[in-house]
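Enquirer: Below you will find the structure I want to go over with you.
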Amino acid sequence: GALAASAPILSFLGEHPPYDLGSFGKTVTFDASAAGGASDACAHRVRAAWPALFELAQTSTGRAALTSIFRLCPKSEVRDEDGAYALAFWLQSAMDFMAMGSFPYRSSYMLNGGGELPPYPMRVMCDHVDWALGHSKGVPGGHALLAALREGVSVFYNYTGSPAAAAGCFDLSLTGNNETTQDGLFWDYLFCSDMLQPASRNGKP
């Protein structure tokens, strides 16, 4: 049997050779690159989205724009800069889950049986980003980029039967669905109580 079927047993300080704190971010970035089966433009576009998001978060008008662009539910409106970070982490989580569930077949694994992701979901995400940017004539550059990212993460958050599909808006407190959200809370508890796993999120190769 497996000693640790899905556990990050090599992601602790003190390992020999030393653990690369940025390895997880690099792997997620790899899946959004040509080497990972997508296009290099995808990773660059995702990188460019972060400063666009945080620039909008600096004003009340910009925060209202973020709420609109990402079609957030009323309780998830971006009201301050902390709300912008919550949005950024929510976007990041979708890409993390899709990278971890990058199987060559449809799978319900990352959604804990509550829905299905397509084969190679990060490649599909990148296709959605490309398509959205190609159909954004007349939309300001930063807004178009963020709207395209919304379409990309919809692969994870807006699958058939998802809470977002039912509500018609995105709830930042949900990670995919109730089952995956609960699973994430269990992991968060372990990270905070038993397992210290420092990590960098730059994602550069």
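In the structure tokens, chains take letters A, B, ... by order of appearance, with residues numbered from 1 within each chain and ligands from 1 in the order shown.
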So which residues of stretch 94-202 of chain A fall under alpha helix (DSSP H) by DSSP, listed as an NGL selection string?
Expert: :A and (94-100 or 121-134 or 141-157 or 163-167 or 178-193)
Enquirer: Do a neighbour search on A:Tyr19 at 12 Å with only C-alpha atoms, toss out local chain neighbours closer than 6 positions, and write the hits as a PDB file with C-alpha atoms, in the first residue's frame.
Expert:
```pdb
ATOM      1  CA  PRO A   8       3.074  16.523   0.496  1.00  0.00           C
ATOM      2  CA  ILE A   9       5.661  14.594   2.502  1.00  0.00           C
ATOM      3  CA  LEU A  10       8.634  16.352   0.864  1.00  0.00           C
ATOM      4  CA  SER A  11       7.334  19.914   1.352  1.00  0.00           C
ATOM      5  CA  PHE A  12       8.760  20.573   4.800  1.00  0.00           C
ATOM      6  CA  LEU A  13      11.811  22.504   5.912  1.00  0.00           C
ATOM      7  CA  GLN A 197       4.817  24.182   5.032  1.00  0.00           C
ATOM      8  CA  PRO A 198       6.267  27.555   3.966  1.00  0.00           C
ATOM      9  CA  ALA A 199       5.720  28.297   0.291  1.00  0.00           C
ATOM     10  CA  SER A 200       6.461  30.979  -2.274  1.00  0.00           C
TER      11      SER A 200
END
```
Enquirer: For stretch 93-103 of chain A, find every residue with an atom within 10 Å (counting only C-alpha atoms), except residues of its own chain fewer than 2 positions away, and show them as a PDB file with all heavy atoms, in the first residue's frame.
Expert:
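Heads up, here's the output in part37.pdb:
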```pdb
ATOM      1  N   PHE A  24       5.555  24.372  -5.875  1.00  0.00           N
ATOM      2  CA  PHE A  24       4.136  24.208  -6.186  1.00  0.00           C
ATOM      3  C   PHE A  24       3.671  25.280  -7.168  1.00  0.00           C
ATOM      4  O   PHE A  24       3.007  24.986  -8.168  1.00  0.00           O
ATOM      5  CB  PHE A  24       3.291  24.265  -4.905  1.00  0.00           C
ATOM      6  CG  PHE A  24       1.827  24.023  -5.148  1.00  0.00           C
ATOM      7  CD1 PHE A  24       1.330  22.738  -5.259  1.00  0.00           C
ATOM      8  CD2 PHE A  24       0.942  25.088  -5.283  1.00  0.00           C
ATOM      9  CE1 PHE A  24      -0.021  22.509  -5.504  1.00  0.00           C
ATOM     10  CE2 PHE A  24      -0.405  24.870  -5.515  1.00  0.00           C
ATOM     11  CZ  PHE A  24      -0.892  23.580  -5.623  1.00  0.00           C
ATOM     12  N   GLY A  25       4.047  26.532  -6.893  1.00  0.00           N
ATOM     13  CA  GLY A  25       3.680  27.620  -7.797  1.00  0.00           C
ATOM     14  C   GLY A  25       4.254  27.414  -9.189  1.00  0.00           C
ATOM     15  O   GLY A  25       3.596  27.701 -10.196  1.00  0.00           O
ATOM     16  N   THR A  27       4.813  24.573 -10.611  1.00  0.00           N
ATOM     17  CA  THR A  27       4.063  23.498 -11.258  1.00  0.00           C
ATOM     18  C   THR A  27       2.726  24.008 -11.785  1.00  0.00           C
ATOM     19  O   THR A  27       2.303  23.645 -12.893  1.00  0.00           O
ATOM     20  CB  THR A  27       3.822  22.347 -10.260  1.00  0.00           C
ATOM     21  OG1 THR A  27       5.088  21.879  -9.785  1.00  0.00           O
ATOM     22  CG2 THR A  27       3.089  21.198 -10.922  1.00  0.00           C
ATOM     23  N   VAL A  28       2.056  24.858 -11.012  1.00  0.00           N
ATOM     24  CA  VAL A  28       0.801  25.443 -11.480  1.00  0.00           C
ATOM     25  C   VAL A  28       1.061  26.294 -12.723  1.00  0.00           C
ATOM     26  O   VAL A  28       0.326  26.214 -13.716  1.00  0.00           O
ATOM     27  CB  VAL A  28       0.147  26.289 -10.371  1.00  0.00           C
ATOM     28  CG1 VAL A  28      -1.101  26.989 -10.900  1.00  0.00           C
ATOM     29  CG2 VAL A  28      -0.213  25.422  -9.171  1.00  0.00           C
ATOM     30  N   THR A  29       2.130  27.091 -12.692  1.00  0.00           N
ATOM     31  CA  THR A  29       2.490  27.922 -13.834  1.00  0.00           C
ATOM     32  C   THR A  29       2.824  27.065 -15.054  1.00  0.00           C
ATOM     33  O   THR A  29       2.449  27.400 -16.183  1.00  0.00           O
ATOM     34  CB  THR A  29       3.692  28.821 -13.488  1.00  0.00           C
ATOM     35  OG1 THR A  29       3.364  29.609 -12.348  1.00  0.00           O
ATOM     36  CG2 THR A  29       4.057  29.736 -14.645  1.00  0.00           C
ATOM     37  N   PHE A  30       3.508  25.950 -14.830  1.00  0.00           N
ATOM     38  CA  PHE A  30       3.855  25.034 -15.929  1.00  0.00           C
ATOM     39  C   PHE A  30       2.601  24.588 -16.675  1.00  0.00           C
ATOM     40  O   PHE A  30       2.591  24.519 -17.909  1.00  0.00           O
ATOM     41  CB  PHE A  30       4.596  23.814 -15.363  1.00  0.00           C
ATOM     42  CG  PHE A  30       4.868  22.737 -16.381  1.00  0.00           C
ATOM     43  CD1 PHE A  30       5.987  22.810 -17.204  1.00  0.00           C
ATOM     44  CD2 PHE A  30       4.011  21.653 -16.523  1.00  0.00           C
ATOM     45  CE1 PHE A  30       6.241  21.815 -18.148  1.00  0.00           C
ATOM     46  CE2 PHE A  30       4.257  20.662 -17.458  1.00  0.00           C
ATOM     47  CZ  PHE A  30       5.382  20.750 -18.280  1.00  0.00           C
ATOM     48  N   ASP A  31       1.543  24.278 -15.944  1.00  0.00           N
ATOM     49  CA  ASP A  31       0.315  23.806 -16.576  1.00  0.00           C
ATOM     50  C   ASP A  31      -0.353  24.880 -17.425  1.00  0.00           C
ATOM     51  O   ASP A  31      -1.204  24.565 -18.266  1.00  0.00           O
ATOM     52  CB  ASP A  31      -0.675  23.321 -15.511  1.00  0.00           C
ATOM     53  CG  ASP A  31      -0.385  21.903 -15.057  1.00  0.00           C
ATOM     54  OD1 ASP A  31       0.597  21.311 -15.547  1.00  0.00           O
ATOM     55  OD2 ASP A  31      -1.133  21.379 -14.221  1.00  0.00           O
ATOM     56  N   ALA A  32      -0.003  26.153 -17.201  1.00  0.00           N
ATOM     57  CA  ALA A  32      -0.555  27.256 -17.989  1.00  0.00           C
ATOM     58  C   ALA A  32       0.445  27.749 -19.021  1.00  0.00           C
ATOM     59  O   ALA A  32       0.408  28.908 -19.434  1.00  0.00           O
ATOM     60  CB  ALA A  32      -0.965  28.402 -17.069  1.00  0.00           C
ATOM     61  N   GLY A  36       3.318  22.849 -20.787  1.00  0.00           N
ATOM     62  CA  GLY A  36       2.281  22.084 -20.100  1.00  0.00           C
ATOM     63  C   GLY A  36       1.073  21.796 -20.973  1.00  0.00           C
ATOM     64  O   GLY A  36       0.064  21.269 -20.491  1.00  0.00           O
ATOM     65  N   LEU A  87     -10.496  37.957  -3.184  1.00  0.00           N
ATOM     66  CA  LEU A  87     -10.782  37.641  -4.586  1.00  0.00           C
ATOM     67  C   LEU A  87      -9.574  37.006  -5.255  1.00  0.00           C
ATOM     68  O   LEU A  87      -9.696  36.006  -5.973  1.00  0.00           O
ATOM     69  CB  LEU A  87     -11.201  38.921  -5.317  1.00  0.00           C
ATOM     70  CG  LEU A  87     -11.379  38.823  -6.830  1.00  0.00           C
ATOM     71  CD1 LEU A  87     -12.433  37.785  -7.199  1.00  0.00           C
ATOM     72  CD2 LEU A  87     -11.750  40.205  -7.403  1.00  0.00           C
ATOM     73  N   ALA A  88      -8.392  37.584  -5.010  1.00  0.00           N
ATOM     74  CA  ALA A  88      -7.173  37.042  -5.617  1.00  0.00           C
ATOM     75  C   ALA A  88      -6.911  35.615  -5.153  1.00  0.00           C
ATOM     76  O   ALA A  88      -6.549  34.740  -5.959  1.00  0.00           O
ATOM     77  CB  ALA A  88      -5.977  37.935  -5.285  1.00  0.00           C
ATOM     78  N   PHE A  89      -7.077  35.351  -3.861  1.00  0.00           N
ATOM     79  CA  PHE A  89      -6.870  33.993  -3.352  1.00  0.00           C
ATOM     80  C   PHE A  89      -7.902  33.024  -3.931  1.00  0.00           C
ATOM     81  O   PHE A  89      -7.601  31.865  -4.193  1.00  0.00           O
ATOM     82  CB  PHE A  89      -6.922  33.973  -1.825  1.00  0.00           C
ATOM     83  CG  PHE A  89      -5.656  34.452  -1.175  1.00  0.00           C
ATOM     84  CD1 PHE A  89      -5.669  35.524  -0.293  1.00  0.00           C
ATOM     85  CD2 PHE A  89      -4.442  33.833  -1.443  1.00  0.00           C
ATOM     86  CE1 PHE A  89      -4.495  35.976   0.302  1.00  0.00           C
ATOM     87  CE2 PHE A  89      -3.255  34.267  -0.856  1.00  0.00           C
ATOM     88  CZ  PHE A  89      -3.292  35.348   0.019  1.00  0.00           C
ATOM     89  N   TRP A  90      -9.115  33.496  -4.138  1.00  0.00           N
ATOM     90  CA  TRP A  90     -10.171  32.676  -4.729  1.00  0.00           C
ATOM     91  C   TRP A  90      -9.802  32.296  -6.163  1.00  0.00           C
ATOM     92  O   TRP A  90      -9.963  31.146  -6.580  1.00  0.00           O
ATOM     93  CB  TRP A  90     -11.480  33.459  -4.676  1.00  0.00           C
ATOM     94  CG  TRP A  90     -12.690  32.807  -5.238  1.00  0.00           C
ATOM     95  CD1 TRP A  90     -13.502  31.883  -4.631  1.00  0.00           C
ATOM     96  CD2 TRP A  90     -13.277  33.080  -6.524  1.00  0.00           C
ATOM     97  NE1 TRP A  90     -14.545  31.562  -5.459  1.00  0.00           N
ATOM     98  CE2 TRP A  90     -14.442  32.282  -6.622  1.00  0.00           C
ATOM     99  CE3 TRP A  90     -12.944  33.918  -7.583  1.00  0.00           C
ATOM    100  CZ2 TRP A  90     -15.262  32.296  -7.761  1.00  0.00           C
ATOM    101  CZ3 TRP A  90     -13.753  33.934  -8.715  1.00  0.00           C
ATOM    102  CH2 TRP A  90     -14.894  33.128  -8.790  1.00  0.00           C
ATOM    103  N   LEU A  91      -9.287  33.257  -6.906  1.00  0.00           N
ATOM    104  CA  LEU A  91      -8.837  32.987  -8.274  1.00  0.00           C
ATOM    105  C   LEU A  91      -7.664  32.014  -8.268  1.00  0.00           C
ATOM    106  O   LEU A  91      -7.608  31.060  -9.060  1.00  0.00           O
ATOM    107  CB  LEU A  91      -8.431  34.299  -8.948  1.00  0.00           C
ATOM    108  CG  LEU A  91      -9.546  35.315  -9.192  1.00  0.00           C
ATOM    109  CD1 LEU A  91      -8.958  36.676  -9.548  1.00  0.00           C
ATOM    110  CD2 LEU A  91     -10.485  34.827 -10.283  1.00  0.00           C
ATOM    111  N   TYR A 105      -8.423  12.855 -18.543  1.00  0.00           N
ATOM    112  CA  TYR A 105      -9.807  12.380 -18.667  1.00  0.00           C
ATOM    113  C   TYR A 105     -10.683  13.206 -17.720  1.00  0.00           C
ATOM    114  O   TYR A 105     -10.195  13.872 -16.814  1.00  0.00           O
ATOM    115  CB  TYR A 105      -9.899  10.893 -18.297  1.00  0.00           C
ATOM    116  CG  TYR A 105      -9.141  10.538 -17.037  1.00  0.00           C
ATOM    117  CD1 TYR A 105      -9.673  10.789 -15.759  1.00  0.00           C
ATOM    118  CD2 TYR A 105      -7.860   9.983 -17.103  1.00  0.00           C
ATOM    119  CE1 TYR A 105      -8.959  10.492 -14.609  1.00  0.00           C
ATOM    120  CE2 TYR A 105      -7.148   9.678 -15.954  1.00  0.00           C
ATOM    121  CZ  TYR A 105      -7.700   9.930 -14.719  1.00  0.00           C
ATOM    122  OH  TYR A 105      -6.998   9.654 -13.570  1.00  0.00           O
ATOM    123  N   ARG A 106     -11.982  13.168 -17.925  1.00  0.00           N
ATOM    124  CA  ARG A 106     -12.897  13.864 -17.033  1.00  0.00           C
ATOM    125  C   ARG A 106     -12.796  13.262 -15.636  1.00  0.00           C
ATOM    126  O   ARG A 106     -12.638  12.053 -15.485  1.00  0.00           O
ATOM    127  CB  ARG A 106     -14.343  13.754 -17.537  1.00  0.00           C
ATOM    128  CG  ARG A 106     -14.586  14.427 -18.870  1.00  0.00           C
ATOM    129  CD  ARG A 106     -16.072  14.436 -19.227  1.00  0.00           C
ATOM    130  NE  ARG A 106     -16.836  15.264 -18.298  1.00  0.00           N
ATOM    131  CZ  ARG A 106     -16.973  16.571 -18.406  1.00  0.00           C
ATOM    132  NH1 ARG A 106     -16.401  17.219 -19.409  1.00  0.00           N
ATOM    133  NH2 ARG A 106     -17.685  17.255 -17.530  1.00  0.00           N
ATOM    134  N   SER A 107     -12.863  14.119 -14.631  1.00  0.00           N
ATOM    135  CA  SER A 107     -12.685  13.614 -13.272  1.00  0.00           C
ATOM    136  C   SER A 107     -13.488  14.439 -12.269  1.00  0.00           C
ATOM    137  O   SER A 107     -13.613  15.656 -12.402  1.00  0.00           O
ATOM    138  CB  SER A 107     -11.201  13.656 -12.889  1.00  0.00           C
ATOM    139  OG  SER A 107     -11.019  13.358 -11.520  1.00  0.00           O
ATOM    140  N   SER A 108     -14.013  13.757 -11.253  1.00  0.00           N
ATOM    141  CA  SER A 108     -14.723  14.423 -10.160  1.00  0.00           C
ATOM    142  C   SER A 108     -13.853  14.486  -8.904  1.00  0.00           C
ATOM    143  O   SER A 108     -14.325  14.893  -7.849  1.00  0.00           O
ATOM    144  CB  SER A 108     -16.027  13.677  -9.848  1.00  0.00           C
ATOM    145  OG  SER A 108     -15.751  12.357  -9.381  1.00  0.00           O
ATOM    146  N   TYR A 109     -12.587  14.088  -9.045  1.00  0.00           N
ATOM    147  CA  TYR A 109     -11.720  13.948  -7.874  1.00  0.00           C
ATOM    148  C   TYR A 109     -11.551  15.267  -7.115  1.00  0.00           C
ATOM    149  O   TYR A 109     -11.731  15.330  -5.896  1.00  0.00           O
ATOM    150  CB  TYR A 109     -10.359  13.410  -8.305  1.00  0.00           C
ATOM    151  CG  TYR A 109      -9.360  13.264  -7.186  1.00  0.00           C
ATOM    152  CD1 TYR A 109      -9.589  12.379  -6.140  1.00  0.00           C
ATOM    153  CD2 TYR A 109      -8.178  14.009  -7.174  1.00  0.00           C
ATOM    154  CE1 TYR A 109      -8.673  12.243  -5.109  1.00  0.00           C
ATOM    155  CE2 TYR A 109      -7.255  13.875  -6.149  1.00  0.00           C
ATOM    156  CZ  TYR A 109      -7.513  12.993  -5.118  1.00  0.00           C
ATOM    157  OH  TYR A 109      -6.612  12.869  -4.096  1.00  0.00           O
ATOM    158  N   MET A 110     -11.208  16.350  -7.822  1.00  0.00           N
ATOM    159  CA  MET A 110     -10.941  17.616  -7.149  1.00  0.00           C
ATOM    160  C   MET A 110     -12.214  18.268  -6.615  1.00  0.00           C
ATOM    161  O   MET A 110     -12.154  19.136  -5.744  1.00  0.00           O
ATOM    162  CB  MET A 110     -10.223  18.592  -8.089  1.00  0.00           C
ATOM    163  CG  MET A 110      -8.867  18.121  -8.592  1.00  0.00           C
ATOM    164  SD  MET A 110      -7.775  17.433  -7.312  1.00  0.00           S
ATOM    165  CE  MET A 110      -7.566  18.827  -6.224  1.00  0.00           C
ATOM    166  N   LEU A 111     -13.359  17.846  -7.118  1.00  0.00           N
ATOM    167  CA  LEU A 111     -14.637  18.368  -6.647  1.00  0.00           C
ATOM    168  C   LEU A 111     -15.329  17.381  -5.715  1.00  0.00           C
ATOM    169  O   LEU A 111     -16.524  17.490  -5.450  1.00  0.00           O
ATOM    170  CB  LEU A 111     -15.534  18.722  -7.844  1.00  0.00           C
ATOM    171  CG  LEU A 111     -15.036  19.937  -8.634  1.00  0.00           C
ATOM    172  CD1 LEU A 111     -15.719  20.026  -9.995  1.00  0.00           C
ATOM    173  CD2 LEU A 111     -15.251  21.230  -7.847  1.00  0.00           C
ATOM    174  N   LEU A 117     -14.578  17.962 -13.701  1.00  0.00           N
ATOM    175  CA  LEU A 117     -13.717  18.846 -14.468  1.00  0.00           C
ATOM    176  C   LEU A 117     -13.376  18.167 -15.790  1.00  0.00           C
ATOM    177  O   LEU A 117     -13.310  16.935 -15.859  1.00  0.00           O
ATOM    178  CB  LEU A 117     -12.427  19.146 -13.702  1.00  0.00           C
ATOM    179  CG  LEU A 117     -12.569  19.976 -12.427  1.00  0.00           C
ATOM    180  CD1 LEU A 117     -11.209  20.109 -11.739  1.00  0.00           C
ATOM    181  CD2 LEU A 117     -13.155  21.340 -12.723  1.00  0.00           C
ATOM    182  N   PRO A 118     -13.131  18.950 -16.838  1.00  0.00           N
ATOM    183  CA  PRO A 118     -12.775  18.351 -18.130  1.00  0.00           C
ATOM    184  C   PRO A 118     -11.351  17.821 -18.110  1.00  0.00           C
ATOM    185  O   PRO A 118     -10.586  18.120 -17.180  1.00  0.00           O
ATOM    186  CB  PRO A 118     -12.900  19.541 -19.089  1.00  0.00           C
ATOM    187  CG  PRO A 118     -12.585  20.733 -18.242  1.00  0.00           C
ATOM    188  CD  PRO A 118     -13.173  20.420 -16.889  1.00  0.00           C
ATOM    189  N   PRO A 119     -10.975  17.037 -19.119  1.00  0.00           N
ATOM    190  CA  PRO A 119      -9.573  16.609 -19.208  1.00  0.00           C
ATOM    191  C   PRO A 119      -8.655  17.832 -19.286  1.00  0.00           C
ATOM    192  O   PRO A 119      -8.997  18.830 -19.928  1.00  0.00           O
ATOM    193  CB  PRO A 119      -9.528  15.811 -20.524  1.00  0.00           C
ATOM    194  CG  PRO A 119     -10.943  15.391 -20.767  1.00  0.00           C
ATOM    195  CD  PRO A 119     -11.786  16.494 -20.218  1.00  0.00           C
ATOM    196  N   TYR A 120      -7.518  17.767 -18.626  1.00  0.00           N
ATOM    197  CA  TYR A 120      -6.550  18.865 -18.610  1.00  0.00           C
ATOM    198  C   TYR A 120      -7.253  20.217 -18.399  1.00  0.00           C
ATOM    199  O   TYR A 120      -7.239  21.093 -19.268  1.00  0.00           O
ATOM    200  CB  TYR A 120      -5.746  18.891 -19.909  1.00  0.00           C
ATOM    201  CG  TYR A 120      -4.895  17.668 -20.131  1.00  0.00           C
ATOM    202  CD1 TYR A 120      -5.119  16.830 -21.222  1.00  0.00           C
ATOM    203  CD2 TYR A 120      -3.876  17.337 -19.240  1.00  0.00           C
ATOM    204  CE1 TYR A 120      -4.342  15.694 -21.426  1.00  0.00           C
ATOM    205  CE2 TYR A 120      -3.084  16.204 -19.439  1.00  0.00           C
ATOM    206  CZ  TYR A 120      -3.323  15.390 -20.536  1.00  0.00           C
ATOM    207  OH  TYR A 120      -2.562  14.273 -20.732  1.00  0.00           O
ATOM    208  N   PRO A 121      -7.857  20.423 -17.251  1.00  0.00           N
ATOM    209  CA  PRO A 121      -8.667  21.631 -17.032  1.00  0.00           C
ATOM    210  C   PRO A 121      -7.910  22.941 -17.168  1.00  0.00           C
ATOM    211  O   PRO A 121      -8.492  23.957 -17.564  1.00  0.00           O
ATOM    212  CB  PRO A 121      -9.211  21.438 -15.614  1.00  0.00           C
ATOM    213  CG  PRO A 121      -8.311  20.436 -14.966  1.00  0.00           C
ATOM    214  CD  PRO A 121      -7.867  19.537 -16.063  1.00  0.00           C
ATOM    215  N   MET A 122      -6.596  22.959 -16.849  1.00  0.00           N
ATOM    216  CA  MET A 122      -5.849  24.207 -17.005  1.00  0.00           C
ATOM    217  C   MET A 122      -5.739  24.597 -18.481  1.00  0.00           C
ATOM    218  O   MET A 122      -5.779  25.783 -18.825  1.00  0.00           O
ATOM    219  CB  MET A 122      -4.465  24.087 -16.380  1.00  0.00           C
ATOM    220  CG  MET A 122      -4.469  24.189 -14.872  1.00  0.00           C
ATOM    221  SD  MET A 122      -4.777  25.879 -14.283  1.00  0.00           S
ATOM    222  CE  MET A 122      -3.127  26.579 -14.398  1.00  0.00           C
ATOM    223  N   ARG A 123      -5.608  23.619 -19.361  1.00  0.00           N
ATOM    224  CA  ARG A 123      -5.573  23.936 -20.788  1.00  0.00           C
ATOM    225  C   ARG A 123      -6.911  24.522 -21.224  1.00  0.00           C
ATOM    226  O   ARG A 123      -6.959  25.472 -22.016  1.00  0.00           O
ATOM    227  CB  ARG A 123      -5.278  22.670 -21.595  1.00  0.00           C
ATOM    228  CG  ARG A 123      -3.935  22.040 -21.308  1.00  0.00           C
ATOM    229  CD  ARG A 123      -3.719  20.812 -22.170  1.00  0.00           C
ATOM    230  NE  ARG A 123      -2.540  20.059 -21.744  1.00  0.00           N
ATOM    231  CZ  ARG A 123      -2.123  18.933 -22.326  1.00  0.00           C
ATOM    232  NH1 ARG A 123      -2.801  18.434 -23.359  1.00  0.00           N
ATOM    233  NH2 ARG A 123      -1.053  18.308 -21.870  1.00  0.00           N
ATOM    234  N   VAL A 124      -7.995  23.964 -20.699  1.00  0.00           N
ATOM    235  CA  VAL A 124      -9.329  24.476 -21.020  1.00  0.00           C
ATOM    236  C   VAL A 124      -9.482  25.894 -20.476  1.00  0.00           C
ATOM    237  O   VAL A 124     -10.037  26.773 -21.139  1.00  0.00           O
ATOM    238  CB  VAL A 124     -10.421  23.543 -20.452  1.00  0.00           C
ATOM    239  CG1 VAL A 124     -11.807  24.102 -20.743  1.00  0.00           C
ATOM    240  CG2 VAL A 124     -10.285  22.136 -21.025  1.00  0.00           C
ATOM    241  N   MET A 125      -8.977  26.124 -19.255  1.00  0.00           N
ATOM    242  CA  MET A 125      -9.009  27.469 -18.682  1.00  0.00           C
ATOM    243  C   MET A 125      -8.317  28.459 -19.607  1.00  0.00           C
ATOM    244  O   MET A 125      -8.836  29.553 -19.884  1.00  0.00           O
ATOM    245  CB  MET A 125      -8.330  27.488 -17.308  1.00  0.00           C
ATOM    246  CG  MET A 125      -8.392  28.852 -16.626  1.00  0.00           C
ATOM    247  SD  MET A 125      -7.132  29.153 -15.348  1.00  0.00           S
ATOM    248  CE  MET A 125      -5.757  29.713 -16.377  1.00  0.00           C
ATOM    249  N   GLY A 152     -11.932  32.033 -17.389  1.00  0.00           N
ATOM    250  CA  GLY A 152     -11.021  30.912 -17.198  1.00  0.00           C
ATOM    251  C   GLY A 152     -11.318  30.115 -15.942  1.00  0.00           C
ATOM    252  O   GLY A 152     -11.443  28.895 -15.977  1.00  0.00           O
ATOM    253  N   VAL A 153     -11.451  30.802 -14.813  1.00  0.00           N
ATOM    254  CA  VAL A 153     -11.689  30.078 -13.550  1.00  0.00           C
ATOM    255  C   VAL A 153     -13.100  29.515 -13.478  1.00  0.00           C
ATOM    256  O   VAL A 153     -13.395  28.672 -12.626  1.00  0.00           O
ATOM    257  CB  VAL A 153     -11.393  30.953 -12.315  1.00  0.00           C
ATOM    258  CG1 VAL A 153      -9.943  31.414 -12.310  1.00  0.00           C
ATOM    259  CG2 VAL A 153     -12.353  32.134 -12.210  1.00  0.00           C
ATOM    260  N   SER A 154     -13.973  29.954 -14.390  1.00  0.00           N
ATOM    261  CA  SER A 154     -15.322  29.384 -14.439  1.00  0.00           C
ATOM    262  C   SER A 154     -15.287  27.892 -14.778  1.00  0.00           C
ATOM    263  O   SER A 154     -16.240  27.170 -14.475  1.00  0.00           O
ATOM    264  CB  SER A 154     -16.176  30.130 -15.471  1.00  0.00           C
ATOM    265  OG  SER A 154     -16.486  31.431 -15.029  1.00  0.00           O
ATOM    266  N   VAL A 155     -14.206  27.456 -15.376  1.00  0.00           N
ATOM    267  CA  VAL A 155     -14.056  26.012 -15.633  1.00  0.00           C
ATOM    268  C   VAL A 155     -14.138  25.244 -14.319  1.00  0.00           C
ATOM    269  O   VAL A 155     -14.731  24.161 -14.250  1.00  0.00           O
ATOM    270  CB  VAL A 155     -12.708  25.726 -16.343  1.00  0.00           C
ATOM    271  CG1 VAL A 155     -12.461  24.223 -16.459  1.00  0.00           C
ATOM    272  CG2 VAL A 155     -12.687  26.390 -17.708  1.00  0.00           C
ATOM    273  N   PHE A 156     -13.582  25.829 -13.259  1.00  0.00           N
ATOM    274  CA  PHE A 156     -13.618  25.174 -11.946  1.00  0.00           C
ATOM    275  C   PHE A 156     -14.857  25.565 -11.148  1.00  0.00           C
ATOM    276  O   PHE A 156     -15.484  24.712 -10.494  1.00  0.00           O
ATOM    277  CB  PHE A 156     -12.369  25.544 -11.146  1.00  0.00           C
ATOM    278  CG  PHE A 156     -12.300  24.889  -9.785  1.00  0.00           C
ATOM    279  CD1 PHE A 156     -12.027  23.532  -9.655  1.00  0.00           C
ATOM    280  CD2 PHE A 156     -12.518  25.626  -8.630  1.00  0.00           C
ATOM    281  CE1 PHE A 156     -11.989  22.924  -8.408  1.00  0.00           C
ATOM    282  CE2 PHE A 156     -12.467  25.036  -7.385  1.00  0.00           C
ATOM    283  CZ  PHE A 156     -12.200  23.676  -7.268  1.00  0.00           C
ATOM    284  N   TYR A 157     -15.242  26.833 -11.194  1.00  0.00           N
ATOM    285  CA  TYR A 157     -16.308  27.314 -10.311  1.00  0.00           C
ATOM    286  C   TYR A 157     -17.713  27.247 -10.914  1.00  0.00           C
ATOM    287  O   TYR A 157     -18.695  27.299 -10.174  1.00  0.00           O
ATOM    288  CB  TYR A 157     -16.032  28.763  -9.905  1.00  0.00           C
ATOM    289  CG  TYR A 157     -14.904  28.925  -8.915  1.00  0.00           C
ATOM    290  CD1 TYR A 157     -13.791  29.692  -9.208  1.00  0.00           C
ATOM    291  CD2 TYR A 157     -14.961  28.301  -7.676  1.00  0.00           C
ATOM    292  CE1 TYR A 157     -12.758  29.854  -8.291  1.00  0.00           C
ATOM    293  CE2 TYR A 157     -13.932  28.440  -6.752  1.00  0.00           C
ATOM    294  CZ  TYR A 157     -12.840  29.221  -7.067  1.00  0.00           C
ATOM    295  OH  TYR A 157     -11.825  29.362  -6.154  1.00  0.00           O
ATOM    296  N   THR A 175     -15.238  27.028  -2.298  1.00  0.00           N
ATOM    297  CA  THR A 175     -14.165  26.545  -3.154  1.00  0.00           C
ATOM    298  C   THR A 175     -14.734  25.439  -4.040  1.00  0.00           C
ATOM    299  O   THR A 175     -14.638  24.256  -3.746  1.00  0.00           O
ATOM    300  CB  THR A 175     -12.992  26.001  -2.322  1.00  0.00           C
ATOM    301  OG1 THR A 175     -12.568  27.007  -1.411  1.00  0.00           O
ATOM    302  CG2 THR A 175     -11.821  25.610  -3.214  1.00  0.00           C
ATOM    303  N   GLY A 176     -15.381  25.831  -5.101  1.00  0.00           N
ATOM    304  CA  GLY A 176     -15.969  24.856  -6.015  1.00  0.00           C
ATOM    305  C   GLY A 176     -17.360  24.438  -5.606  1.00  0.00           C
ATOM    306  O   GLY A 176     -18.331  24.670  -6.290  1.00  0.00           O
ATOM    307  N   THR A 180     -15.887  20.361  -1.516  1.00  0.00           N
ATOM    308  CA  THR A 180     -14.496  20.781  -1.678  1.00  0.00           C
ATOM    309  C   THR A 180     -14.137  21.880  -0.686  1.00  0.00           C
ATOM    310  O   THR A 180     -13.003  21.933  -0.187  1.00  0.00           O
ATOM    311  CB  THR A 180     -14.252  21.260  -3.120  1.00  0.00           C
ATOM    312  OG1 THR A 180     -14.619  20.214  -4.023  1.00  0.00           O
ATOM    313  CG2 THR A 180     -12.787  21.584  -3.355  1.00  0.00           C
TER     314      THR A 180
END
```
Enquirer: Can you write out as JSON lines which residues of stretch 70-120 of chain A fall within 10 Å of stretch 57-65 of chain A, alongside each residue's closest atom pair and its distance in Å to one decimal, counting only C-alpha atoms and ordering rows by chain and ascending residue number?
Expert:
```
{"residue": "A:Phe70", "atom": "CA", "partner": "A:Ala65", "partner_atom": "CA", "distance": 8.5}
{"residue": "A:Arg71", "atom": "CA", "partner": "A:Ala65", "partner_atom": "CA", "distance": 9.6}
{"residue": "A:Glu77", "atom": "CA", "partner": "A:Ala64", "partner_atom": "CA", "distance": 7.7}
{"residue": "A:Val78", "atom": "CA", "partner": "A:Arg63", "partner_atom": "CA", "distance": 5.5}
{"residue": "A:Arg79", "atom": "CA", "partner": "A:Arg63", "partner_atom": "CA", "distance": 6.3}
{"residue": "A:Asp80", "atom": "CA", "partner": "A:Ala57", "partner_atom": "CA", "distance": 7.0}
{"residue": "A:Glu81", "atom": "CA", "partner": "A:Ala57", "partner_atom": "CA", "distance": 5.7}
{"residue": "A:Asp82", "atom": "CA", "partner": "A:Ala57", "partner_atom": "CA", "distance": 9.0}
{"residue": "A:Gly83", "atom": "CA", "partner": "A:Ala57", "partner_atom": "CA", "distance": 8.4}
{"residue": "A:Ala84", "atom": "CA", "partner": "A:Ala57", "partner_atom": "CA", "distance": 6.0}
{"residue": "A:Tyr85", "atom": "CA", "partner": "A:Ala57", "partner_atom": "CA", "distance": 9.0}
```
